[in-house]
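Single-structure report; data block below.
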Amino acid sequence: MLLVWLYGVMVVGAVSRSAVQIATEFDKAPLAYSLSAVAGLVYGFITYSLVRGGERARRVALVCCAAELAGVLIVGTWTLADPSAFPDATVWSDYGMGYLFIPVLLPITAMFWLRTSRKQGVSAP
């Protein structure tokens with residue numbers, strides 16, 4: 001249940017942040033704001049999959065969490081290697097430092113839970 005709650009918070013944070021930024025200052029940092037919107041969509045899809053439950057939803061959530069982790073690692077490294085490409089931060093900038101590193105820790109935790117709960121026969125929340 002905690003994973004669903006955390007992903008829900010991240011959906012609200014990422015979607016609302018990107019919506020405001022895209023609506024008011026998109027020309028300032030289009031890549032950063034678009035990536036934040038993508039992060040919000042990914043978080044939303046993972047939240048839906050976790051709530052839905054079932055084996056198929058578990059597999060989809062696992063794949064999405066792996067894609068999320070890859071995105072966090074790629075964007076996090078990119079923001080450190082070429083800060084000029086990101087005049088403003090994304091949700092995944094600096095591995096999610098602006099969000100207390102939750103963006104990098106959450107998919108790792110979720111993938112661990114999804115794999116171990118499957119072995120124990122626990123259903124998704």
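Please note that chains go A, B, ... in the order of the structure tokens, that every chain numbers its residues from 1, and that ligands are numbered from 1 in the order shown.
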Contact residues around Val51 in chain A with only C-alpha atoms at 12 Å, ignoring same-chain residues under 6 positions, as a VMD selection string: chain A and resid 1 to 5 7 to 8 44 to 45 57 to 58 61 123 to 125
Which residue out of A:Val20, A:Ala32, A:Val12, A:Leu62 has the minimum interatomic distance to Ser117 in chain A when only C-alpha atoms are used?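 Closest to Ser117 in chain A of all the choices is A:Leu62.
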Write down as a PyMOL selection string the residues of chain A whose backbone DSSP state falls under helix (DSSP H, G or I). chain A and resi 2-25+30-52+55-81+83-85+93-95+97-99+102-120
Taking 5 positions as the minimum chain separation for residues in the same chain, which residues sit within 9 Å of Val75 in chain A when counting only C-alpha atoms? Answer as a ChimeraX atom specification. /A:35,70,80,90,92-95
Write to file, as a short mmCIF file (atom, residue, chain, number, x, y, z; two decimals), in the first residue's frame, the residues of the selection just made, with N, CA and C atoms.
data_model
loop_
_atom_site.label_atom_id
_atom_site.label_comp_id
_atom_site.auth_asym_id
_atom_site.auth_seq_id
_atom_site.Cartn_x
_atom_site.Cartn_y
_atom_site.Cartn_z
N LEU A 35 10.21 15.89 -20.26
CA LEU A 35 10.64 14.72 -19.49
C LEU A 35 9.90 14.60 -18.17
N ALA A 70 15.72 3.13 -15.59
CA ALA A 70 16.62 3.48 -16.70
C ALA A 70 16.52 4.97 -17.02
N LEU A 80 24.00 15.77 -15.02
CA LEU A 80 25.31 16.02 -14.41
C LEU A 80 26.40 16.23 -15.46
N THR A 90 14.31 18.61 -14.09
CA THR A 90 13.22 17.67 -14.33
C THR A 90 13.00 16.90 -13.04
N TRP A 92 13.57 13.86 -12.75
CA TRP A 92 14.66 12.90 -12.67
C TRP A 92 16.04 13.55 -12.67
N SER A 93 16.13 14.89 -12.67
CA SER A 93 17.43 15.57 -12.65
C SER A 93 18.23 15.16 -11.42
N ASP A 94 19.53 15.01 -11.62
CA ASP A 94 20.43 14.66 -10.52
C ASP A 94 19.91 13.47 -9.72
N TYR A 95 19.34 12.51 -10.46
CA TYR A 95 18.80 11.27 -9.87
C TYR A 95 17.66 11.53 -8.90
#
Shortest interatomic distance to Gly98 in chain A - which of A:Gly71, A:Gly13, A:Gly40, A:Pro30, counting only C-alpha atoms: A:Gly13
Tell me, counting only C-alpha atoms, for each residue of range 28-96 of chain A within 9 Å of range 107-115 of chain A, which pair of atoms is nearest and how far apart they are in Å to one decimal, in rows ordered by chain and increasing number, as JSON lines.
{"residue": "A:Arg58", "atom": "CA", "partner": "A:Leu114", "partner_atom": "CA", "distance": 6.7}
{"residue": "A:Arg59", "atom": "CA", "partner": "A:Leu114", "partner_atom": "CA", "distance": 8.4}
{"residue": "A:Ala61", "atom": "CA", "partner": "A:Leu114", "partner_atom": "CA", "distance": 8.1}
{"residue": "A:Leu62", "atom": "CA", "partner": "A:Met111", "partner_atom": "CA", "distance": 5.8}
{"residue": "A:Val63", "atom": "CA", "partner": "A:Met111", "partner_atom": "CA", "distance": 8.8}
{"residue": "A:Cys64", "atom": "CA", "partner": "A:Pro107", "partner_atom": "CA", "distance": 8.7}
{"residue": "A:Cys65", "atom": "CA", "partner": "A:Pro107", "partner_atom": "CA", "distance": 5.0}
{"residue": "A:Ala66", "atom": "CA", "partner": "A:Pro107", "partner_atom": "CA", "distance": 6.9}
{"residue": "A:Ala67", "atom": "CA", "partner": "A:Pro107", "partner_atom": "CA", "distance": 8.9}
{"residue": "A:Glu68", "atom": "CA", "partner": "A:Pro107", "partner_atom": "CA", "distance": 6.6}
{"residue": "A:Leu69", "atom": "CA", "partner": "A:Pro107", "partner_atom": "CA", "distance": 5.8}
From A:Leu100, A:Ile46, A:Tyr33, A:Leu106, residue lying nearest Ala85 in chain A [only C-alpha atoms]: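 Using only C-alpha atoms, Ala85 in chain A sits closest to A:Tyr33.
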Just give me the gap between CA of Ile102 in chain A and CA of Ala39 in chain A in Å, one decimal is fine.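 Taking CA of Ile102 in chain A as the start and CA of Ala39 in chain A as the end point, the length is 12.5 Å.
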Between CA of Gly76 in chain A and CA of Val91 in chain A, distance in Å (one decimal): 9.4 Å
